[in-house]
$ cat final-v3.cif   # mmCIF, C-alpha atoms
data_coords
#
loop_
_atom_site.label_atom_id
_atom_site.label_comp_id
_atom_site.auth_asym_id
_atom_site.auth_seq_id
_atom_site.Cartn_x
_atom_site.Cartn_y
_atom_site.Cartn_z
CA MET A 1 36.18 -7.24 6.57
CA ALA A 2 37.88 -4.98 4.05
CA GLY A 3 35.78 -6.30 1.21
CA SER A 4 32.50 -5.18 2.67
CA VAL A 5 33.86 -1.78 3.73
CA LYS A 6 34.84 -1.11 0.12
CA ALA A 7 31.39 -2.22 -1.04
CA LEU A 8 29.77 0.04 1.53
CA ILE A 9 31.76 3.06 0.37
CA LEU A 10 30.97 2.37 -3.27
CA LEU A 11 27.29 2.00 -2.47
CA ALA A 12 27.31 5.24 -0.49
CA PHE A 13 28.86 7.03 -3.45
CA ALA A 14 26.30 5.58 -5.85
CA GLY A 15 23.46 6.52 -3.50
CA SER A 16 24.63 10.10 -3.22
CA LEU A 17 24.99 10.23 -7.02
CA GLY A 18 21.38 9.12 -7.39
CA LEU A 19 20.15 11.72 -4.93
CA MET A 20 22.24 14.31 -6.74
CA PHE A 21 20.33 13.64 -9.96
CA LEU A 22 17.06 13.95 -8.09
CA LEU A 23 18.05 17.24 -6.51
CA LEU A 24 19.31 18.55 -9.85
CA ALA A 25 15.88 17.85 -11.29
CA CYS A 26 14.39 20.06 -8.60
CA ALA A 27 16.97 22.77 -8.03
CA LEU A 28 18.24 23.73 -11.49
CA PRO A 29 17.13 27.30 -12.21
CA GLN A 30 15.30 26.38 -15.40
CA TYR A 31 13.15 23.87 -13.47
CA ASN A 32 12.97 25.29 -9.92
CA ASN A 33 10.20 22.88 -8.96
CA TRP A 34 10.26 20.59 -5.94
CA TRP A 35 7.50 18.09 -6.87
CA PRO A 36 9.97 15.38 -8.02
CA LEU A 37 11.09 14.81 -4.42
CA PHE A 38 8.03 12.61 -3.96
CA VAL A 39 9.89 9.67 -5.55
CA ILE A 40 11.88 9.46 -2.30
CA VAL A 41 8.79 7.72 -0.88
CA PHE A 42 9.32 4.97 -3.47
CA TYR A 43 13.01 4.72 -2.65
CA ILE A 44 12.13 4.07 0.99
CA LEU A 45 9.37 1.58 0.14
CA ALA A 46 11.37 -0.40 -2.43
CA PRO A 47 13.52 -2.59 -0.13
CA LEU A 48 10.68 -3.34 2.31
CA PRO A 49 8.74 -6.20 0.64
CA TYR A 50 11.88 -8.16 -0.20
CA SER A 51 13.32 -7.71 3.31
CA ILE A 52 10.08 -8.83 4.95
CA ALA A 53 9.74 -11.85 2.68
CA ARG A 54 13.34 -12.91 3.13
CA ARG A 55 12.79 -13.43 6.83
CA GLN A 56 9.52 -15.32 6.26
CA ARG A 57 10.52 -17.76 3.60
CA ASP A 58 10.89 -21.47 4.28
CA ASP A 59 14.14 -22.96 3.11
CA LEU A 60 12.54 -26.01 1.55
CA GLY A 61 12.17 -25.04 -2.10
CA SER A 62 14.37 -22.84 -4.21
CA SER A 63 11.60 -20.26 -4.36
CA SER A 64 8.59 -19.49 -2.25
CA SER A 65 5.28 -17.84 -2.89
CA VAL A 66 5.97 -15.10 -0.32
CA MET A 67 9.18 -14.15 -2.12
CA GLU A 68 7.35 -14.04 -5.44
CA LEU A 69 4.71 -11.74 -3.98
CA ALA A 70 7.48 -9.52 -2.61
CA ILE A 71 9.15 -9.39 -6.03
CA PHE A 72 5.78 -8.49 -7.56
CA PHE A 73 5.32 -5.53 -5.20
CA THR A 74 8.93 -4.43 -5.59
CA ALA A 75 8.49 -4.36 -9.37
CA GLY A 76 5.36 -2.32 -8.83
CA ILE A 77 7.14 0.20 -6.61
CA VAL A 78 9.95 0.57 -9.16
CA ILE A 79 7.45 1.10 -11.98
CA SER A 80 5.60 3.65 -9.88
CA SER A 81 8.76 5.65 -9.26
CA PHE A 82 9.25 5.88 -13.03
CA GLY A 83 5.58 6.48 -13.66
CA LEU A 84 5.30 9.44 -11.31
CA PRO A 85 7.72 11.78 -13.16
CA ILE A 86 6.21 10.73 -16.50
CA VAL A 87 2.70 11.55 -15.30
CA LEU A 88 3.89 14.82 -13.75
CA ALA A 89 5.53 15.84 -17.01
CA HIS A 90 2.67 14.67 -19.18
CA ALA A 91 -0.35 15.91 -17.25
CA GLY A 92 -0.30 19.59 -16.57
CA PRO A 93 2.63 19.77 -17.18
CA VAL A 94 3.65 20.09 -13.56
CA ILE A 95 7.34 19.50 -14.25
CA GLN A 96 9.28 19.71 -17.48
CA TRP A 97 10.44 16.70 -19.47
CA GLY A 98 14.08 17.52 -18.76
CA ALA A 99 13.41 17.33 -15.04
CA ALA A 100 11.53 14.05 -15.55
CA ALA A 101 14.52 12.62 -17.41
CA LEU A 102 16.85 13.65 -14.58
CA VAL A 103 14.51 12.04 -12.02
CA MET A 104 14.45 8.79 -13.98
CA THR A 105 18.24 8.76 -14.22
CA GLY A 106 18.41 9.27 -10.47
CA ASN A 107 15.90 6.43 -10.02
CA LEU A 108 18.07 4.09 -12.04
CA VAL A 109 21.17 4.88 -10.00
CA MET A 110 19.30 4.57 -6.69
CA TYR A 111 17.80 1.19 -7.57
CA VAL A 112 21.21 -0.07 -8.66
CA THR A 113 22.42 1.06 -5.23
CA ILE A 114 19.57 -0.70 -3.41
CA ALA A 115 20.13 -3.87 -5.44
CA GLY A 116 23.82 -3.56 -4.68
CA PHE A 117 23.03 -3.52 -0.97
CA PHE A 118 21.10 -6.76 -1.28
CA LEU A 119 23.81 -8.38 -3.38
CA ALA A 120 26.77 -7.25 -1.29
CA PHE A 121 25.20 -8.02 2.07
CA ASP A 122 23.50 -11.23 1.16
CA GLY A 123 21.21 -11.49 4.14
CA ASP A 124 23.23 -14.07 5.97
CA ALA A 125 22.99 -13.87 9.74
CA ASP A 126 26.47 -12.39 10.08
CA SER A 127 25.61 -9.26 8.12
CA TRP A 128 23.58 -8.03 11.07
CA ASN A 129 26.69 -8.02 13.27
CA TYR A 130 27.81 -4.72 11.83
CA PHE A 131 24.91 -2.94 13.47
CA MET R 1 -26.72 -30.25 -13.80
CA CYS R 2 -25.05 -33.62 -14.41
CA LEU R 3 -23.25 -32.25 -17.45
CA LEU R 4 -21.89 -29.31 -15.46
CA SER R 5 -20.50 -31.54 -12.77
CA ILE R 6 -18.89 -33.76 -15.40
CA ILE R 7 -17.23 -30.70 -16.91
CA PHE R 8 -15.98 -29.57 -13.51
CA GLN R 9 -14.63 -32.92 -12.49
CA ARG R 10 -13.07 -34.14 -15.72
CA GLU R 11 -12.21 -31.32 -18.06
CA ILE R 12 -10.87 -28.57 -15.82
CA PRO R 13 -8.14 -30.74 -14.20
CA LYS R 14 -6.90 -31.65 -17.68
CA MET R 15 -6.88 -28.03 -18.72
CA ALA R 16 -5.23 -26.88 -15.53
CA GLY R 17 -2.31 -29.14 -16.24
CA CYS R 18 -1.70 -27.93 -19.77
CA PHE R 19 0.18 -24.79 -18.73
CA ASP R 20 2.42 -26.66 -16.34
CA SER R 21 4.16 -28.26 -19.27
CA MET R 22 4.94 -24.89 -20.83
CA ARG R 23 8.65 -25.42 -20.35
CA LEU R 24 9.77 -24.79 -23.92
CA ASP R 25 10.04 -21.01 -23.61
CA CYS R 26 11.85 -21.19 -20.32
CA GLU R 27 14.48 -23.63 -21.51
CA CYS R 28 15.21 -21.45 -24.51
CA LEU R 29 15.72 -18.45 -22.25
CA GLU R 30 17.63 -20.60 -19.73
CA LEU R 31 15.61 -19.38 -16.79
CA GLY R 32 15.52 -22.60 -14.82
CA GLU R 33 15.30 -21.87 -11.15
CA ARG R 34 14.82 -18.12 -11.58
CA ARG R 35 11.63 -18.64 -13.62
CA ASN R 36 9.32 -17.79 -10.72
CA ALA R 37 11.15 -14.60 -9.81
CA VAL R 38 11.25 -13.39 -13.41
CA ALA R 39 7.56 -14.18 -13.89
CA ALA R 40 6.65 -12.32 -10.70
CA ALA R 41 8.68 -9.29 -11.77
CA VAL R 42 7.20 -9.20 -15.29
CA SER R 43 3.72 -9.55 -13.83
CA GLY R 44 4.34 -6.65 -11.44
CA VAL R 45 5.59 -4.47 -14.28
CA LEU R 46 2.51 -5.22 -16.40
CA PHE R 47 0.00 -4.75 -13.58
CA PHE R 48 1.36 -1.46 -12.33
CA THR R 49 1.93 -0.10 -15.84
CA GLY R 50 -1.78 -0.65 -16.42
CA TRP R 51 -2.67 1.35 -13.35
CA TRP R 52 -0.27 4.18 -14.15
CA ILE R 53 -1.78 4.50 -17.63
CA MET R 54 -5.11 5.11 -15.93
CA ILE R 55 -3.59 7.53 -13.40
CA ASP R 56 -2.09 9.49 -16.28
CA CYS R 57 -5.40 9.60 -18.11
CA ALA R 58 -7.31 10.67 -14.99
CA ALA R 59 -4.78 13.45 -14.36
CA ILE R 60 -5.07 14.82 -17.90
CA TYR R 61 -8.86 14.58 -18.15
CA PRO R 62 -10.26 15.30 -14.70
CA SER R 63 -13.77 16.29 -15.74
CA MET R 64 -16.73 13.95 -15.97
CA GLU R 65 -17.49 15.02 -19.55
CA GLU R 66 -14.12 13.98 -20.91
CA MET R 67 -13.83 10.80 -18.88
CA HIS R 68 -16.72 9.60 -16.74
CA HIS R 69 -15.35 8.58 -13.37
CA ALA R 70 -17.32 5.33 -13.41
CA TYR R 71 -14.87 3.97 -15.99
CA HIS R 72 -12.45 3.33 -13.14
CA VAL R 73 -14.65 0.40 -12.06
CA CYS R 74 -13.28 -1.76 -14.89
CA GLY R 75 -9.78 -1.50 -13.51
CA VAL R 76 -10.99 -2.26 -10.00
CA ILE R 77 -12.81 -5.38 -11.21
CA GLY R 78 -9.67 -6.41 -13.08
CA THR R 79 -7.63 -6.03 -9.91
CA ILE R 80 -10.12 -8.09 -7.90
CA SER R 81 -9.92 -10.75 -10.61
CA PHE R 82 -6.10 -10.72 -10.32
CA PHE R 83 -6.28 -11.50 -6.63
CA MET R 84 -8.99 -14.13 -7.04
CA ILE R 85 -7.14 -15.95 -9.83
CA ASN R 86 -3.91 -16.05 -7.89
CA ALA R 87 -5.42 -16.89 -4.53
CA VAL R 88 -5.83 -20.53 -5.57
CA SER R 89 -2.84 -22.55 -6.64
CA ASN R 90 -2.88 -25.15 -9.36
CA GLY R 91 -2.50 -27.77 -6.68
CA HIS R 92 -5.83 -26.79 -5.19
CA ILE R 93 -7.52 -27.27 -8.53
CA ARG R 94 -5.95 -30.63 -9.18
CA GLY R 95 -6.77 -31.75 -5.69
CA ASP R 96 -3.32 -32.78 -4.56
CA MET R 97 -3.02 -30.49 -1.57
CA TYR R 98 -2.91 -31.96 1.89
CA SER R 99 -5.43 -29.60 3.42
CA THR R 100 -8.63 -28.82 1.63
CA GLY R 101 -8.65 -25.16 2.62
CA CYS R 102 -11.88 -23.50 3.61
CA LEU R 103 -13.59 -24.09 0.26
CA GLY R 104 -12.43 -27.52 -0.78
CA GLN R 105 -11.53 -28.56 -4.29
CA ARG R 106 -14.87 -27.75 -5.87
CA GLY R 107 -14.97 -24.38 -4.12
CA ALA R 108 -11.47 -23.61 -5.39
CA ARG R 109 -12.57 -24.34 -8.93
CA VAL R 110 -15.64 -22.13 -8.60
CA TRP R 111 -13.44 -19.36 -7.14
CA LEU R 112 -11.02 -19.60 -10.09
CA PHE R 113 -13.93 -19.65 -12.52
CA ILE R 114 -15.43 -16.50 -11.03
CA GLY R 115 -11.98 -14.90 -11.01
CA PHE R 116 -11.50 -15.46 -14.74
CA LEU R 117 -15.10 -14.40 -15.35
CA LEU R 118 -14.42 -11.03 -13.70
CA GLY R 119 -11.17 -10.64 -15.62
CA PHE R 120 -12.80 -11.19 -18.97
CA ALA R 121 -15.75 -9.02 -17.96
CA ALA R 122 -13.40 -6.12 -17.20
CA ILE R 123 -11.79 -6.35 -20.63
CA ILE R 124 -15.12 -6.64 -22.42
CA ALA R 125 -16.52 -3.70 -20.47
CA ALA R 126 -13.48 -1.60 -21.33
CA MET R 127 -13.87 -2.39 -25.02
CA TRP R 128 -17.54 -1.52 -24.77
CA ILE R 129 -16.68 1.83 -23.17
CA LEU R 130 -14.14 2.58 -25.89
CA PHE R 131 -16.53 1.90 -28.73
CA ALA R 132 -19.80 3.14 -27.28
CA ALA R 133 -18.57 6.28 -25.58
CA TYR R 134 -15.61 7.35 -27.69
CA VAL R 135 -15.34 5.79 -31.14
CA VAL R 136 -18.97 5.73 -32.27
CA PRO R 137 -20.11 9.18 -31.09
CA GLY R 138 -16.97 10.79 -32.54
CA GLY R 139 -17.11 14.45 -31.70
CA SER R 140 -14.41 16.84 -30.62
CA ARG R 141 -13.33 15.27 -27.37
CA SER R 142 -10.16 13.22 -27.15
CA GLN R 143 -10.26 9.45 -27.68
CA TRP R 144 -7.41 8.82 -25.28
CA PRO R 145 -9.55 8.02 -22.19
CA GLY R 146 -11.28 5.16 -23.98
CA ILE R 147 -7.99 3.75 -25.22
CA ALA R 148 -6.48 4.17 -21.76
CA VAL R 149 -9.28 2.14 -20.13
CA VAL R 150 -8.77 -0.69 -22.62
CA LEU R 151 -4.99 -0.63 -22.21
CA GLN R 152 -5.30 -0.60 -18.43
CA ASN R 153 -7.48 -3.69 -18.35
CA LEU R 154 -5.42 -5.54 -20.95
CA PHE R 155 -2.25 -4.91 -18.96
CA ILE R 156 -3.90 -5.95 -15.68
CA PHE R 157 -5.20 -9.18 -17.21
CA ALA R 158 -1.84 -9.90 -18.84
CA GLY R 159 -0.21 -9.38 -15.45
CA SER R 160 -2.56 -11.83 -13.78
CA LEU R 161 -2.00 -14.42 -16.52
CA VAL R 162 1.78 -14.14 -16.23
CA TYR R 163 1.60 -14.38 -12.44
CA LYS R 164 -0.68 -17.42 -12.61
CA PHE R 165 0.94 -19.42 -15.41
CA GLY R 166 4.48 -18.09 -15.50
CA ARG R 167 5.37 -19.56 -12.14
CA SER R 168 6.05 -23.22 -11.62
CA GLU R 169 4.86 -24.75 -8.39
CA ASP R 170 7.51 -27.45 -8.63
CA LEU R 171 10.05 -24.88 -7.47
CA TRP R 172 8.22 -24.44 -4.18
CA GLY R 173 9.73 -27.70 -2.92
#
$ encode --input "final-v3.cif" --output "structure tokens"
Amino acid sequence: MAGSVKALILLAFAGSLGLMFLLLACALPQYNNWWPLFVIVFYILAPLPYSIARRQRDDLGSSSSVMELAIFFTAGIVISSFGLPIVLAHAGPVIQWGAAALVMTGNLVMYVTIAGFFLAFDGDADSWNYF
Amino acid sequence: MCLLSIIFQREIPKMAGCFDSMRLDCECLELGERRNAVAAAVSGVLFFTGWWIMIDCAAIYPSMEEMHHAYHVCGVIGTISFFMINAVSNGHIRGDMYSTGCLGQRGARVWLFIGFLLGFAAIIAAMWILFAAYVVPGGSRSQWPGIAVVLQNLFIFAGSLVYKFGRSEDLWG
């Protein structure tokens, strides 16, 4: 469907924008420090709890305790990906505050992308047909 | 002994129900069906912010003289209390679950009681650490570790309260 192809392209653009901010934080000559790449671990972990819970939930109520636990852990992963550059810039400092700000901007864009994936491809059974 | 059992059987069910009727805030904010998701997200933010405050403090002050490593125990106890408090649902306490679980209704109440006990103990211990090890002796070392321990445990306890009372079990269907 044309609608979902357009969404996919937009999400790919947003994702590459987010990674661009992250790589800028590492590769700019005044920073030249590759520690910020560790937030990629949080980008990979962030969709996992919600995806696992979505397959487990019972359709009886409008919410379920498994989904709430997944939202709890997702919030924790998001906070951790913002906490890591702050701690790196504050303690040491291992990276500079400008690099931390770039990392956090990249975080924001990446999480908007990940949320966009969940919104655009709503987890109905037919969204798996594209694979 | 009789008095304790009266308290367990009569007073705690009444108290457990008082937060269920906390609908005023949620209607003002028009949360409705998303109340549980928002509460879970807020609770996650609070809990993990508490831990990252402690991570930051431990990274800045790695030595035992500036921050004794045993102060981490308060946060661990707070985390254990989080899981204990949220392991039992309000339905277990009120007794209207179909299965009794492995502890039964009285066991669930004791579990919740111990959970809250540990939570309060963590906060009190953190306050004690702040005042006894940092504020009262004074000296040249930084006060931030003591404040960080208190903030960590306050955030963790706030997270467990929001997770416990911010969600409505009616939405579970």
$ resolve_selection --input "final-v3.cif" --expression "the PyMOL selection byres ((chain R) within 12 of (chain A))" --output "VMD selection string"
chain R and resid 32 to 62 83 86 to 89 159 to 160 162 to 164 166 to 173
$ resolve_selection --input "final-v3.cif" --expression "the PyMOL selection byres ((chain A and resi 34) around 12)" --output "list of chain:residue names"
A:Leu22, A:Leu23, A:Leu24, A:Ala25, A:Cys26, A:Ala27, A:Leu28, A:Pro29, A:Tyr31, A:Asn32, A:Asn33, A:Trp35, A:Pro36, A:Leu37, A:Phe38, A:Val39, A:Ile40, A:Pro85, A:Leu88, A:Val94, A:Ile95, A:Gln96, A:Ala99, A:Ala100, A:Val103
$ resolve_selection --input "final-v3.cif" --expression "the PyMOL selection byres ((chain A and resi 47) around 12)" --output "MDAnalysis selection string"
chainID A and resid 41:46 48:54 70:71 73:78 110:118
$ atom_distance --input "final-v3.cif" --atom1 "CA of Phe121 (chain A)" --atom2 "CA of Leu10 (chain A)"
13.0 Å
$ atom_distance --input "final-v3.cif" --atom1 "CA of Tyr71 (chain R)" --atom2 "CA of Ala125 (chain R)"
9.0 Å
$ atom_distance --input "final-v3.cif" --atom1 "CA of Gly106 (chain A)" --atom2 "CA of Leu19 (chain A)"
6.3 Å
$ axis_aligned_box --input "final-v3.cif" --around "region 74-78 of chain R" --padding-each-side "3 Å" --output "AutoDock Vina command-line options"
--center_x -11.5 --center_y -4.0 --center_z -12.4 --size_x 9.6 --size_y 10.9 --size_z 10.9
$ residues_near_point --input "final-v3.cif" --point "(-9.4, -4.8, -22.7)" --cutoff "10 Å" --atoms "all atoms listed in the file" --output "PDB file with C-alpha atoms, keeping the file's coordinate frame"
ATOM      1  CA  CYS R  74     -13.280  -1.760 -14.890  1.00  0.00           C
ATOM      2  CA  GLY R  75      -9.780  -1.500 -13.510  1.00  0.00           C
ATOM      3  CA  GLY R  78      -9.670  -6.410 -13.080  1.00  0.00           C
ATOM      4  CA  GLY R 119     -11.170 -10.640 -15.620  1.00  0.00           C
ATOM      5  CA  PHE R 120     -12.800 -11.190 -18.970  1.00  0.00           C
ATOM      6  CA  ALA R 121     -15.750  -9.020 -17.960  1.00  0.00           C
ATOM      7  CA  ALA R 122     -13.400  -6.120 -17.200  1.00  0.00           C
ATOM      8  CA  ILE R 123     -11.790  -6.350 -20.630  1.00  0.00           C
ATOM      9  CA  ILE R 124     -15.120  -6.640 -22.420  1.00  0.00           C
ATOM     10  CA  ALA R 125     -16.520  -3.700 -20.470  1.00  0.00           C
ATOM     11  CA  ALA R 126     -13.480  -1.600 -21.330  1.00  0.00           C
ATOM     12  CA  MET R 127     -13.870  -2.390 -25.020  1.00  0.00           C
ATOM     13  CA  TRP R 128     -17.540  -1.520 -24.770  1.00  0.00           C
ATOM     14  CA  ILE R 129     -16.680   1.830 -23.170  1.00  0.00           C
ATOM     15  CA  LEU R 130     -14.140   2.580 -25.890  1.00  0.00           C
ATOM     16  CA  ILE R 147      -7.990   3.750 -25.220  1.00  0.00           C
ATOM     17  CA  ALA R 148      -6.480   4.170 -21.760  1.00  0.00           C
ATOM     18  CA  VAL R 149      -9.280   2.140 -20.130  1.00  0.00           C
ATOM     19  CA  VAL R 150      -8.770  -0.690 -22.620  1.00  0.00           C
ATOM     20  CA  LEU R 151      -4.990  -0.630 -22.210  1.00  0.00           C
ATOM     21  CA  GLN R 152      -5.300  -0.600 -18.430  1.00  0.00           C
ATOM     22  CA  ASN R 153      -7.480  -3.690 -18.350  1.00  0.00           C
ATOM     23  CA  LEU R 154      -5.420  -5.540 -20.950  1.00  0.00           C
ATOM     24  CA  PHE R 155      -2.250  -4.910 -18.960  1.00  0.00           C
ATOM     25  CA  ILE R 156      -3.900  -5.950 -15.680  1.00  0.00           C
ATOM     26  CA  PHE R 157      -5.200  -9.180 -17.210  1.00  0.00           C
ATOM     27  CA  ALA R 158      -1.840  -9.900 -18.840  1.00  0.00           C
TER      28      ALA R 158
END
